[in-house]
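Novice: If you scroll down you'll find the structure; I have some questions about it.
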Amino acid sequence: MKTLLILNGPNLNLLGTREPAVYGATTLADLQARCEADGQRLGLAVECFQSNHEGALIDQIHEAGRRFATGELVGVVFNPGAFTHTSVALFDAIQGVKPLPVIEVHISNVHAREPFRHHSYVSPAAAGIVVGFGIDGYRLAIEGLACQAAAA
Ligand code: DQA
C-alpha cells in the first residue's frame with residue numbers, strides 16, 4: 001500500500017483549544033484519525049507529523065522527496081501554519097524535491113483574515129492549494145492527491 005504524509009506546522013498541536021471560532025473544536029489527534037480513515041477508504045496508508053520547528057518540517061519534506069522517488073509515497077498534505085507567511089526555506093525545500101506533490105492546506109480562509117496572512121511563500125511551490133474549508137480541507141487534499149496518484 002502506498003503512503004501519504006500529513007504535515008502540520010507550528011501551533012497546530014493546539015487544535016481544539018486554539019481560537020476555536022477560527023480553527024474549530026477538533027483536536028489534532030482527531031484530525032489525524034480522520035485523515036487515516038480517509039486514506040484507508042482510498043487505499044492509502046497515512047502517516048502524520050506535526051512540529052513547531054521549521055527545520056524539522058524541512059527534514060520531513062526532504063525525506064518525503066526521497067520516498068516519492070522510490071514510489072513509496074504519493075505526496076504530502078501540508079499545513080505550514082504561520083511559516084506559510086514567513087518561510088523562504090520551506091519554499092526552497094519543496095522546490096528542491098520536485099516533482100514531489102505537496103498540497104498546501106489552510107483550515108481558515110487566510111485571504112479573509114489579516115493582510116499578513118494573504119501572502120504564502122509555499123503556494124508557488126505547491127501542486128495544489130485548499131483554503132477555508134475547515135478541517136474538511138485535509139480530506140479534499142487527500143482525495144486530490146489520491147486522484148493524481150491513480151492517474152499517474
Ligand atoms: C493556518 C493559517 C495561518 O495563517 C495560521 O498562522 C495558522 C493556521 C490555517 O490552517 O488556517 O497557524 O495555516
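Just so we're on the same page: first chain in the C-alpha cells is A, next is B, and so on; residues restart at 1 for each chain, and ligands are numbered from 1 in the order they show up.
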Write down as a PyMOL selection string the residues belonging to range 31-139 of chain A that are assigned strand (DSSP E or B) by DSSP computed on the backbone.
Specialist: chain A and resi 45-50+73-79+102-106+128-131
Novice: Return as a VMD selection string the residues of protein, DNA or RNA that approach ligand 1 to within 8 Å, with only C-alpha atoms and all ligand atoms taken into account.
Specialist: chain A and resid 9 to 12 22 to 23 79 to 85 105 to 110 117 131 to 132 134
Novice: What is the distance, in Å and to one decimal place, between CA of Ala93 in chain A and CA of Arg18 in chain A?
Specialist: 27.9 Å
Novice: Could you produce a table of the residues of range 67-144 of chain A lying within 10 Å of range 27-45 of chain A, with the nearest pair of atoms per residue and their separation in Å rounded to one decimal, using only C-alpha atoms, ordered by chain and increasing residue number, as a Markdown table?
Specialist:
| residue | atom | partner | partner_atom | distance |
| --- | --- | --- | --- | --- |
| A:Leu73 | CA | A:Ala45 | CA | 9.2 |
| A:Val74 | CA | A:Leu44 | CA | 8.7 |
| A:Ile135 | CA | A:Leu31 | CA | 7.2 |
| A:Asp136 | CA | A:Leu31 | CA | 9.3 |
| A:Tyr138 | CA | A:Cys35 | CA | 7.0 |
| A:Arg139 | CA | A:Asp38 | CA | 6.5 |
| A:Leu140 | CA | A:Asp38 | CA | 9.6 |
| A:Ile142 | CA | A:Gly39 | CA | 7.0 |
| A:Glu143 | CA | A:Leu42 | CA | 7.7 |
Novice: Could you check which of A:Asn8, A:Asn13, A:Thr3, A:Thr86 is closest to Thr26 in chain A, using only C-alpha atoms?
Specialist: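 Going through A:Asn8, A:Asn13, A:Thr3, A:Thr86 one by one, the smallest distance to Thr26 in chain A is for A:Asn13.
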Novice: To test your reading of the structure, identify every residue in chain A that backbone DSSP assigns to helix (DSSP H, G or I), and report it as a ChimeraX atom specification.
Specialist: /A:12-14,20-23,28-41,54-69,81-85,88-96,110-112,115-117,123-125,136-151
Novice: So, counting only C-alpha atoms, which residue among A:Leu14, A:Leu57, A:Ile129, A:Ala146 is closest to Ile103 in chain A?
Specialist: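 That would be A:Ile129, the residue with the smallest distance to Ile103 in chain A.
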Novice: Report the distance between CA of Glu72 in chain A and CA of Pro101 in chain A in Å, rounded to one decimal place.
Specialist: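 Taking CA of Glu72 in chain A as the start and CA of Pro101 in chain A as the end point, the length is 13.1 Å.
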Novice: Tell me, in Å to one decimal, how far CA of Phe91 in chain A is from CA of Gly75 in chain A.
Specialist: 15.8 Å
Novice: Considering only C-alpha atoms, can you say which of A:Ile61, A:Val77, A:Val130, A:Leu7 comes closest to Gly96 in chain A?
Specialist: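 Of the candidates, the smallest distance to Gly96 in chain A is held by A:Ile61.
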Novice: Show which residues sit within 10 Å of Pro99 in chain A, as a short mmCIF file (atom, residue, chain, number, x, y, z; two decimals) with C-alpha atoms, in the first residue's frame. Count only C-alpha atoms, and ignore same-chain residues fewer than 4 positions away.
Specialist:
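Below is the file result33.cif, written as the result:
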data_model
loop_
_atom_site.label_atom_id
_atom_site.label_comp_id
_atom_site.auth_asym_id
_atom_site.auth_seq_id
_atom_site.Cartn_x
_atom_site.Cartn_y
_atom_site.Cartn_z
CA GLY A 65 11.12 13.63 -1.67
CA PHE A 68 8.38 9.73 -3.53
CA ALA A 69 11.35 8.93 -5.79
CA GLY A 75 2.65 13.05 -1.81
CA ILE A 94 9.53 21.97 -1.69
CA GLN A 95 11.16 23.29 -4.87
CA ALA A 127 0.95 21.29 -6.54
#
Novice: My list of candidates is A:Gly16, A:Gly24, A:Gly71, A:Gly144. Which is closest to Gly128 in chain A when distances are computed with only C-alpha atoms?
Specialist: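 Nearest candidate to Gly128 in chain A out of A:Gly16, A:Gly24, A:Gly71, A:Gly144: A:Gly144.
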Novice: Just checking: using only C-alpha atoms, which residue out of A:Asp59, A:Arg66, A:Arg113, A:Phe133 ends up closest to Leu90 in chain A?
Specialist: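 With only C-alpha atoms as the atom set, the closest residue is A:Asp59.
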Novice: Which residue, A:Leu100, A:His53, A:Ala150, A:Asp92, has the smallest gap to Val122 in chain A when you use only C-alpha atoms?
Specialist: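 So, comparing all the options, the nearest one is A:Asp92.
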